[in-house]
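What's in upload18.cif: mmCIF, C-alpha atoms
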data_target
loop_
_atom_site.label_atom_id
_atom_site.label_comp_id
_atom_site.auth_asym_id
_atom_site.auth_seq_id
_atom_site.Cartn_x
_atom_site.Cartn_y
_atom_site.Cartn_z
CA MET A 256 -28.91 -8.90 5.04
CA ASN A 257 -31.95 -9.38 2.81
CA TRP A 258 -34.91 -11.57 3.66
CA GLN A 259 -34.15 -14.52 1.42
CA ILE A 260 -30.60 -14.82 2.79
CA ARG A 261 -31.98 -14.79 6.34
CA TYR A 262 -34.40 -17.62 5.47
CA ALA A 263 -31.77 -19.61 3.59
CA LEU A 264 -29.28 -19.39 6.48
CA ALA A 265 -31.98 -20.24 9.01
CA SER A 266 -33.06 -23.25 6.93
CA PHE A 267 -29.50 -24.55 6.64
CA GLU A 268 -29.09 -24.08 10.38
CA GLU A 269 -32.35 -25.95 11.06
CA LYS A 270 -31.45 -28.88 8.77
CA GLY A 271 -27.91 -29.10 10.15
CA ASN A 272 -26.35 -31.14 7.31
CA SER A 273 -24.51 -28.20 5.74
CA ALA A 274 -23.30 -24.89 7.13
CA ALA A 275 -23.86 -21.62 5.30
CA GLU A 276 -22.36 -18.15 5.61
CA HIS A 277 -23.33 -14.88 4.02
CA LEU A 278 -20.64 -13.38 1.82
CA GLY A 279 -22.53 -10.20 0.90
CA GLY A 280 -25.41 -9.23 -1.35
CA ASP A 281 -27.28 -12.33 -2.52
CA VAL A 282 -24.26 -14.64 -2.20
CA ILE A 283 -23.66 -17.40 0.36
CA ARG A 284 -21.10 -20.16 0.75
CA VAL A 285 -22.39 -23.61 1.67
CA THR A 286 -19.98 -25.98 3.39
CA THR A 287 -20.67 -29.70 3.70
CA PRO A 288 -18.28 -32.26 5.21
CA HIS A 289 -16.38 -34.25 2.54
CA ARG A 290 -18.03 -32.28 -0.29
CA PRO A 291 -16.86 -29.26 -2.30
CA ASP A 292 -17.94 -25.86 -0.99
CA VAL A 293 -20.79 -24.33 -2.98
CA LEU A 294 -20.87 -20.66 -3.90
CA ALA A 295 -24.54 -19.89 -4.36
CA VAL A 296 -26.69 -16.89 -5.18
CA ILE A 297 -30.06 -16.82 -3.41
CA THR A 298 -32.36 -14.67 -5.51
CA ALA A 299 -35.78 -13.29 -4.60
CA ALA A 300 -36.74 -13.01 -8.27
CA ASP A 301 -40.21 -14.16 -9.33
CA MET A 302 -38.78 -15.12 -12.71
CA VAL A 303 -35.17 -15.84 -13.56
CA ASP A 304 -34.76 -14.74 -17.14
CA HIS A 305 -31.64 -14.72 -19.32
CA ALA A 306 -30.63 -11.19 -18.29
CA THR A 307 -30.93 -12.07 -14.59
CA ALA A 308 -28.80 -15.18 -15.03
CA VAL A 309 -26.13 -13.28 -17.00
CA ARG A 310 -26.02 -10.51 -14.39
CA TYR A 311 -25.52 -12.92 -11.49
CA LEU A 312 -22.78 -14.83 -13.34
CA GLU A 313 -20.94 -11.63 -14.21
CA GLU A 314 -21.22 -10.33 -10.64
CA THR A 315 -20.23 -13.58 -8.90
CA GLN A 316 -16.90 -15.07 -9.82
CA GLY A 317 -16.86 -18.83 -9.26
CA LEU A 318 -20.64 -19.15 -8.96
CA ASP A 319 -21.69 -22.80 -8.59
CA PHE A 320 -25.46 -22.54 -8.12
CA LEU A 321 -28.27 -20.04 -8.69
CA CYS A 322 -31.17 -20.59 -6.29
CA GLY A 323 -34.64 -19.09 -6.72
CA TYR A 324 -35.90 -18.87 -3.16
CA ARG A 325 -39.54 -18.01 -3.75
CA ALA A 326 -41.88 -21.00 -4.07
CA HIS A 327 -43.37 -19.47 -7.22
CA CYS A 328 -40.00 -18.59 -8.81
CA ALA A 329 -39.98 -19.69 -12.45
CA TRP A 330 -37.07 -20.06 -14.88
CA ASP A 331 -37.01 -18.95 -18.46
CA GLY A 332 -35.71 -21.52 -20.95
CA MET A 333 -32.93 -19.23 -22.18
CA ALA A 334 -31.71 -18.72 -18.62
CA ILE A 335 -31.67 -22.49 -18.08
CA LEU A 336 -29.62 -23.05 -21.25
CA TYR A 337 -27.20 -20.28 -20.33
CA LEU A 338 -26.65 -21.60 -16.80
CA GLU A 339 -26.20 -25.19 -17.93
CA GLU A 340 -23.74 -24.16 -20.66
CA ASN A 341 -21.75 -22.30 -18.01
CA HIS A 342 -21.80 -25.22 -15.56
CA VAL A 343 -23.91 -23.44 -12.98
CA GLY A 344 -26.58 -25.46 -11.21
CA TRP A 345 -30.06 -23.96 -10.88
CA GLY A 346 -33.30 -24.55 -9.02
CA ASN A 347 -35.17 -24.05 -5.79
CA PHE A 348 -33.79 -24.21 -2.26
CA GLY A 349 -34.48 -27.95 -2.01
CA THR A 350 -32.35 -28.49 -5.10
CA LEU A 351 -29.51 -26.48 -3.55
CA THR A 352 -29.55 -28.43 -0.27
CA SER A 353 -29.58 -31.77 -2.12
CA ALA A 354 -26.83 -30.66 -4.50
CA ALA A 355 -24.62 -29.49 -1.62
CA LEU A 356 -24.99 -32.92 0.00
CA SER A 357 -24.38 -34.77 -3.27
CA GLY A 358 -21.44 -32.61 -4.31
CA ASN A 359 -22.91 -31.92 -7.75
CA ALA A 360 -24.00 -28.28 -7.43
CA ASN A 361 -22.55 -27.26 -10.80
CA SER A 362 -24.65 -29.75 -12.74
CA ALA A 363 -27.80 -29.84 -10.61
CA GLN A 364 -31.09 -28.77 -12.14
CA HIS A 365 -34.43 -27.94 -10.51
CA LYS A 366 -35.34 -31.26 -8.95
CA VAL A 367 -39.10 -30.68 -9.17
CA TYR A 368 -39.01 -30.77 -12.99
CA LYS A 369 -35.86 -32.81 -13.70
CA PHE A 370 -37.47 -36.21 -14.05
CA SER A 371 -40.41 -34.98 -16.17
CA ASP A 372 -38.09 -33.06 -18.49
CA ARG A 373 -36.10 -36.25 -18.98
CA LEU A 374 -39.23 -38.35 -19.60
CA LEU A 375 -40.22 -36.09 -22.48
CA ARG A 376 -36.72 -36.08 -23.97
CA GLN A 377 -36.54 -39.88 -23.82
CA HIS A 378 -39.96 -40.52 -25.37
CA ASP A 379 -39.36 -42.19 -28.72
CA ARG A 380 -42.25 -40.46 -30.51
CA ILE A 381 -41.01 -36.99 -29.58
CA MET A 382 -38.62 -35.50 -32.11
CA LYS A 383 -37.98 -32.12 -30.55
CA VAL A 384 -38.34 -30.61 -27.07
CA GLU A 385 -38.13 -26.87 -26.54
CA ARG A 386 -38.08 -25.84 -22.92
CA GLU A 387 -39.78 -22.44 -22.83
CA PHE A 388 -39.79 -22.28 -19.03
CA ASP A 389 -38.83 -24.73 -16.30
CA ARG A 390 -42.38 -26.12 -16.41
CA ILE A 391 -43.48 -25.33 -19.95
CA HIS A 392 -42.32 -27.56 -22.81
CA HIS A 393 -43.18 -27.29 -26.48
CA ILE A 394 -42.82 -30.71 -28.04
CA THR A 395 -42.93 -31.81 -31.66
CA LEU A 396 -43.70 -35.42 -32.52
CA ARG A 397 -42.08 -37.32 -35.38
CA ASN A 398 -45.37 -37.03 -37.32
CA GLY A 399 -45.17 -33.23 -37.08
CA LYS A 400 -47.88 -32.73 -34.47
CA ALA A 401 -46.96 -30.30 -31.73
CA PHE A 402 -48.17 -29.73 -28.17
CA ARG A 403 -47.47 -27.15 -25.53
CA ILE A 404 -47.34 -28.87 -22.14
CA GLY A 405 -47.46 -27.21 -18.72
CA MET A 406 -46.40 -29.09 -15.59
CA ILE A 407 -47.98 -28.89 -12.15
CA ALA A 408 -46.07 -30.68 -9.41
CA ASP A 409 -48.58 -30.48 -6.58
CA TYR A 410 -50.07 -33.55 -4.98
CA GLU A 411 -53.66 -32.54 -5.63
CA PRO A 412 -53.76 -29.87 -8.37
CA THR A 413 -56.64 -27.44 -7.96
CA ALA A 414 -58.69 -25.38 -10.39
CA ASP A 415 -56.78 -22.30 -9.29
CA GLU A 416 -53.43 -23.89 -10.10
CA VAL A 417 -54.61 -24.78 -13.61
CA ARG A 418 -55.93 -21.27 -14.19
CA SER A 419 -52.84 -19.66 -12.69
CA LEU A 420 -50.52 -21.71 -14.90
CA TRP A 421 -52.52 -20.61 -17.96
CA GLU A 422 -52.57 -16.95 -16.90
CA ARG A 423 -48.87 -16.83 -16.10
CA PHE A 424 -47.41 -18.81 -18.99
CA GLY A 425 -50.07 -18.58 -21.67
CA PRO A 426 -52.29 -21.22 -23.28
CA VAL A 427 -51.24 -24.86 -23.14
CA ASP A 428 -52.69 -27.95 -24.79
CA ILE A 429 -52.01 -30.21 -21.84
CA VAL A 430 -51.58 -29.68 -18.11
CA TRP A 431 -49.47 -32.54 -16.82
CA ASN A 432 -49.65 -33.38 -13.10
CA ILE A 433 -46.08 -34.58 -12.68
CA ASN A 434 -46.44 -35.71 -9.07
CA PRO A 435 -46.48 -39.53 -9.40
CA ASN A 436 -48.77 -39.79 -6.38
CA GLY A 437 -50.91 -36.84 -7.41
CA THR A 438 -54.61 -36.77 -8.18
CA PRO A 439 -55.98 -33.75 -10.03
CA GLN A 440 -59.19 -32.50 -8.45
CA PRO A 441 -62.37 -32.75 -10.58
CA GLU A 442 -62.50 -28.95 -10.41
CA ALA A 443 -58.99 -28.79 -11.92
CA THR A 444 -60.08 -31.02 -14.79
CA GLU A 445 -63.18 -28.86 -15.29
CA ALA A 446 -61.06 -25.69 -15.26
CA GLY A 447 -58.96 -27.26 -18.01
CA VAL A 448 -62.07 -28.01 -20.06
CA GLN A 449 -63.23 -24.39 -19.70
CA LEU A 450 -59.84 -23.07 -20.76
CA GLY A 451 -59.43 -25.56 -23.60
CA CYS A 452 -56.75 -27.93 -22.30
CA LYS A 453 -56.63 -31.42 -20.84
CA VAL A 454 -55.39 -32.15 -17.33
CA MET A 455 -53.67 -35.52 -17.12
CA LYS A 456 -51.15 -37.79 -15.44
CA TRP A 457 -48.16 -39.46 -17.14
CA ASN A 458 -49.99 -42.63 -18.24
CA GLU A 459 -52.68 -40.57 -19.95
CA LEU A 460 -50.11 -38.24 -21.49
CA ARG A 461 -48.06 -41.16 -22.82
CA ASP A 462 -51.19 -42.72 -24.37
CA HIS A 463 -52.18 -39.33 -25.78
CA LEU A 464 -48.80 -38.92 -27.46
CA ASN A 465 -48.85 -42.50 -28.75
CA ARG A 466 -52.28 -41.98 -30.33
CA ALA A 467 -51.60 -38.51 -31.74
CA MET B 73 -18.96 -11.73 6.00
CA GLU B 74 -21.88 -10.07 7.71
CA ARG B 75 -22.38 -11.23 11.27
CA VAL B 76 -25.73 -11.61 13.01
CA GLU B 77 -26.01 -12.02 16.76
CA GLY B 78 -27.72 -15.19 17.92
CA SER B 79 -29.36 -17.93 15.91
CA PHE B 80 -30.57 -17.31 12.38
CA GLU B 81 -33.83 -18.95 13.45
CA GLN B 82 -34.35 -15.96 15.71
CA SER B 83 -33.97 -13.60 12.76
CA VAL B 84 -37.05 -14.83 10.88
CA MET B 85 -40.71 -14.34 11.79
CA THR B 86 -42.54 -16.93 13.88
CA ALA B 87 -45.73 -18.59 12.66
CA SER B 88 -47.80 -16.32 14.92
CA GLU B 89 -46.05 -13.20 13.68
CA ILE B 90 -46.57 -14.23 10.07
CA ALA B 91 -50.27 -14.88 10.70
CA ALA B 92 -50.70 -11.50 12.38
CA HIS B 93 -48.79 -9.81 9.54
CA LEU B 94 -50.99 -11.39 6.85
CA LEU B 95 -54.25 -10.64 8.66
CA GLY B 96 -53.12 -7.05 9.16
CA LYS B 97 -52.07 -6.50 5.55
CA CYS B 98 -54.75 -8.46 3.69
CA ALA B 99 -58.17 -6.98 4.45
CA THR B 100 -59.88 -9.34 2.00
CA LEU B 101 -58.83 -12.38 4.06
CA LYS B 102 -61.97 -11.89 6.16
CA TYR B 103 -64.03 -13.29 3.27
CA PHE B 104 -62.01 -16.52 3.18
CA ASP B 105 -60.92 -19.33 5.47
CA ALA B 106 -57.17 -18.97 5.87
CA TYR B 107 -54.77 -21.46 7.45
CA MET B 108 -51.10 -22.23 7.90
CA PHE B 109 -49.68 -25.72 7.62
CA GLY B 110 -46.34 -27.47 7.24
CA SER B 111 -42.92 -26.98 8.77
CA THR B 112 -43.27 -23.30 9.72
CA LEU B 113 -45.69 -24.36 12.46
CA HIS B 114 -42.86 -26.32 14.07
CA GLY B 115 -39.93 -23.98 13.53
CA VAL B 116 -38.28 -22.61 10.41
CA GLY B 117 -39.56 -23.86 7.10
CA GLN B 118 -37.94 -23.03 3.80
CA ASP B 119 -41.44 -22.07 2.64
CA ILE B 120 -44.37 -20.70 4.62
CA ASP B 121 -47.34 -22.83 3.57
CA ILE B 122 -50.67 -21.03 3.55
CA LEU B 123 -54.06 -22.46 2.55
CA ILE B 124 -56.87 -20.16 1.42
CA VAL B 125 -60.34 -21.68 1.00
CA GLY B 126 -63.04 -19.73 -0.80
CA THR B 127 -64.81 -19.12 -4.04
CA ASP B 128 -63.25 -17.80 -7.24
CA GLY B 129 -63.98 -14.31 -8.49
CA THR B 130 -63.25 -10.64 -7.87
CA LEU B 131 -62.56 -11.04 -4.17
CA LEU B 132 -60.03 -13.78 -4.84
CA ALA B 133 -58.27 -11.63 -7.42
CA ARG B 134 -58.09 -8.81 -4.87
CA LEU B 135 -56.81 -11.16 -2.16
CA LYS B 136 -54.06 -12.48 -4.43
CA LYS B 137 -52.79 -8.94 -4.97
CA GLU B 138 -52.85 -8.24 -1.24
CA ILE B 139 -50.97 -11.45 -0.47
CA LEU B 140 -48.41 -10.73 -3.17
CA HIS B 141 -47.74 -7.36 -1.56
CA ALA B 142 -47.75 -8.70 2.02
CA GLY B 143 -45.41 -11.53 1.03
CA GLU B 144 -42.88 -9.36 -0.75
CA LYS B 145 -40.25 -10.30 1.84
CA LEU B 146 -41.56 -13.71 2.89
CA PRO B 147 -41.20 -17.13 1.22
CA LEU B 148 -44.95 -17.70 1.00
CA HIS B 149 -46.33 -20.77 -0.73
CA VAL B 150 -50.06 -20.15 -1.05
CA LEU B 151 -52.52 -22.85 -2.06
CA TYR B 152 -55.97 -21.63 -3.11
CA MET B 153 -58.79 -24.16 -2.88
CA LEU B 154 -62.46 -24.02 -3.66
CA PRO B 155 -64.66 -25.17 -0.75
CA SER B 156 -65.58 -28.27 -2.76
CA GLU B 157 -61.90 -29.13 -3.28
CA GLU B 158 -61.18 -28.83 0.42
CA ASP B 159 -64.25 -30.97 1.05
CA HIS B 160 -63.01 -33.77 -1.29
CA THR B 161 -59.48 -33.75 -0.01
CA GLN B 162 -60.11 -33.01 3.68
CA PHE B 163 -56.94 -30.97 3.36
CA VAL B 164 -57.40 -28.99 6.59
CA LEU B 165 -57.80 -32.16 8.60
CA LYS B 166 -55.10 -34.23 6.90
CA GLN B 167 -52.47 -31.49 6.90
CA LYS B 168 -53.36 -30.35 10.42
CA CYS B 169 -53.90 -26.79 9.21
CA ILE B 170 -54.23 -24.09 11.88
CA PRO B 171 -56.43 -21.03 11.24
CA LEU B 172 -54.42 -17.83 10.85
CA SER B 173 -56.73 -16.11 13.33
CA GLU B 174 -55.86 -18.70 15.97
CA LEU B 175 -52.12 -18.32 15.33
CA ALA B 176 -52.32 -14.54 15.31
CA SER B 177 -53.94 -14.52 18.72
CA LEU B 178 -50.71 -16.06 20.09
CA ALA B 179 -48.53 -13.27 18.69
CA VAL B 180 -47.00 -10.98 21.33
#
Would you mind writing the file's structure down as structure tokens?
Amino acid sequence: MNWQIRYALASFEEKGNSAAEHLGGDVIRVTTPHRPDVLAVITAADMVDHATAVRYLEETQGLDFLCGYRAHCAWDGMAILYLEENHVGWGNFGTLTSAALSGNANSAQHKVYKFSDRLLRQHDRIMKVEREFDRIHHITLRNGKAFRIGMIADYEPTADEVRSLWERFGPVDIVWNINPNGTPQPEATEAGVQLGCKVMKWNELRDHLNRA
Amino acid sequence: MERVEGSFEQSVMTASEIAAHLLGKCATLKYFDAYMFGSTLHGVGQDIDILIVGTDGTLLARLKKEILHAGEKLPLHVLYMLPSEEDHTQFVLKQKCIPLSELASLAV
């Protein structure tokens, strides 16, 4: 049994709301009273790209949910599209546990970024949203202006998190602290200035888009 | 289905074992203040939350590589803070962070 399966089973056991059993490889079955069973893959991948998603779907008949167990696991936009088109839920372990309890594993998406993704798609000045990664969106406004936005979900984003986002996913115009209760550290804002991007919360981002 | 004897909680590393593992594998940690916080301190957490406080630069880059290697089979969630950031936020105090060295001393 690999390490991420051990942790996933131990976490389910600790929480106690759902039961989980290992079916082999990276696959587990999650059972929750009065909810459909969930067939889930628990991957240790750092990045779930399209090829990874295709491989898991081909290998796992009846797959309901693909879970990236590592805290820093990221999801490529093509993988997200592919999974959603094939009615397979995706996201971190927290998303899996919530989805198993809600009975919506096949349509669940990474709960850390779900609300922010929706906010961008519902903004009336935004014409087009391309999701490059789970946390990186390229948006085009109705006036033709475009921005690449990176999301940081932490409560108090640090300079290192801003730099790490930039190094891992490439340059962005805006770093958006999507935690509604979050407060970017002054050092994070300064790191953004040095890199050439602005670090902001939703109200500032909304005003920025309205003025652009 | 593969069967494991006993509780799954017994099949993952304890907080003390994780601390000892990290201190043993990451030589550069001695230049930083390193802590654990969150649910792993009280049992099994889905992530193992680690706080590293220190300055940016070559040593930090080296430490990140060491931690990546040491955490290959652990669900580490590592937060890197500058000393000034920790000072503003009082993160160690508010999150009741425990130094890795203190935890490691409890490992059998």
Hey, could you make a per-residue contact list for chain A against chain B with 7 Å as the cut-off, showing the nearest pair of atoms and its distance in Å to one decimal, counting all atoms listed in the file, sorted by chain and number, as a tab-separated table?
residue	atom	partner	partner_atom	distance
A:Trp258	CA	B:Lys145	CA	5.8
A:Arg261	CA	B:Phe80	CA	6.7
A:Tyr262	CA	B:Val84	CA	6.6
A:Leu264	CA	B:Phe80	CA	6.4
A:Ala265	CA	B:Phe80	CA	4.7
A:Ser266	CA	B:Gln118	CA	5.8
A:Glu269	CA	B:Val116	CA	6.8
A:His277	CA	B:Met73	CA	5.7
A:Leu278	CA	B:Met73	CA	4.8
A:Gly279	CA	B:Met73	CA	6.4
A:Arg325	CA	B:Pro147	CA	5.3
A:Ala326	CA	B:His149	CA	5.6
A:Thr413	CA	B:Met153	CA	6.4
A:Asp415	CA	B:Tyr152	CA	6.3
A:Gln440	CA	B:Glu157	CA	6.7
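CA of Ala408 (chain A) is found 24.4 Å from CA of Met382 (chain A).
Residue selection for this entry, given the PyMOL selection byres ((chain A and resi 457-467) around 10), comprises A:Ser371, A:Leu374, A:Leu375, A:His378, A:Asp379, A:Arg380, A:Ile381, A:Leu396, A:Asn398, A:Gly399, A:Lys400, A:Ala401, A:Phe402, A:Ile404, A:Ile429, A:Val430, A:Trp431, A:Asn432, A:Ile433, A:Asn434, A:Pro435, A:Lys453, A:Val454, A:Met455, A:Lys456.
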* Rounded to one decimal place, report the CA of Phe348 (chain A)-CA of Leu113 (chain B) distance in Å. =>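 Separation between CA of Phe348 (chain A) and CA of Leu113 (chain B): 18.9 Å.
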With a distance cut-off of 8 Å and only C-alpha atoms, select the neighbouring residues of region 359-361 of chain A, excluding the residue or stretch itself and same-chain residues fewer than 5 positions from it, and output the selection as a tab-separated table (two decimals) with C-alpha atoms, in the coordinates of the input.
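The resulting file, part_13.tsv, is reproduced below:
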chain	number	residue	atom	x	y	z
A	293	VAL	CA	-20.79	-24.33	-2.98
A	319	ASP	CA	-21.69	-22.80	-8.59
A	320	PHE	CA	-25.46	-22.54	-8.12
A	342	HIS	CA	-21.80	-25.22	-15.56
A	343	VAL	CA	-23.91	-23.44	-12.98
A	344	GLY	CA	-26.58	-25.46	-11.21
A	351	LEU	CA	-29.51	-26.48	-3.55
A	354	ALA	CA	-26.83	-30.66	-4.50
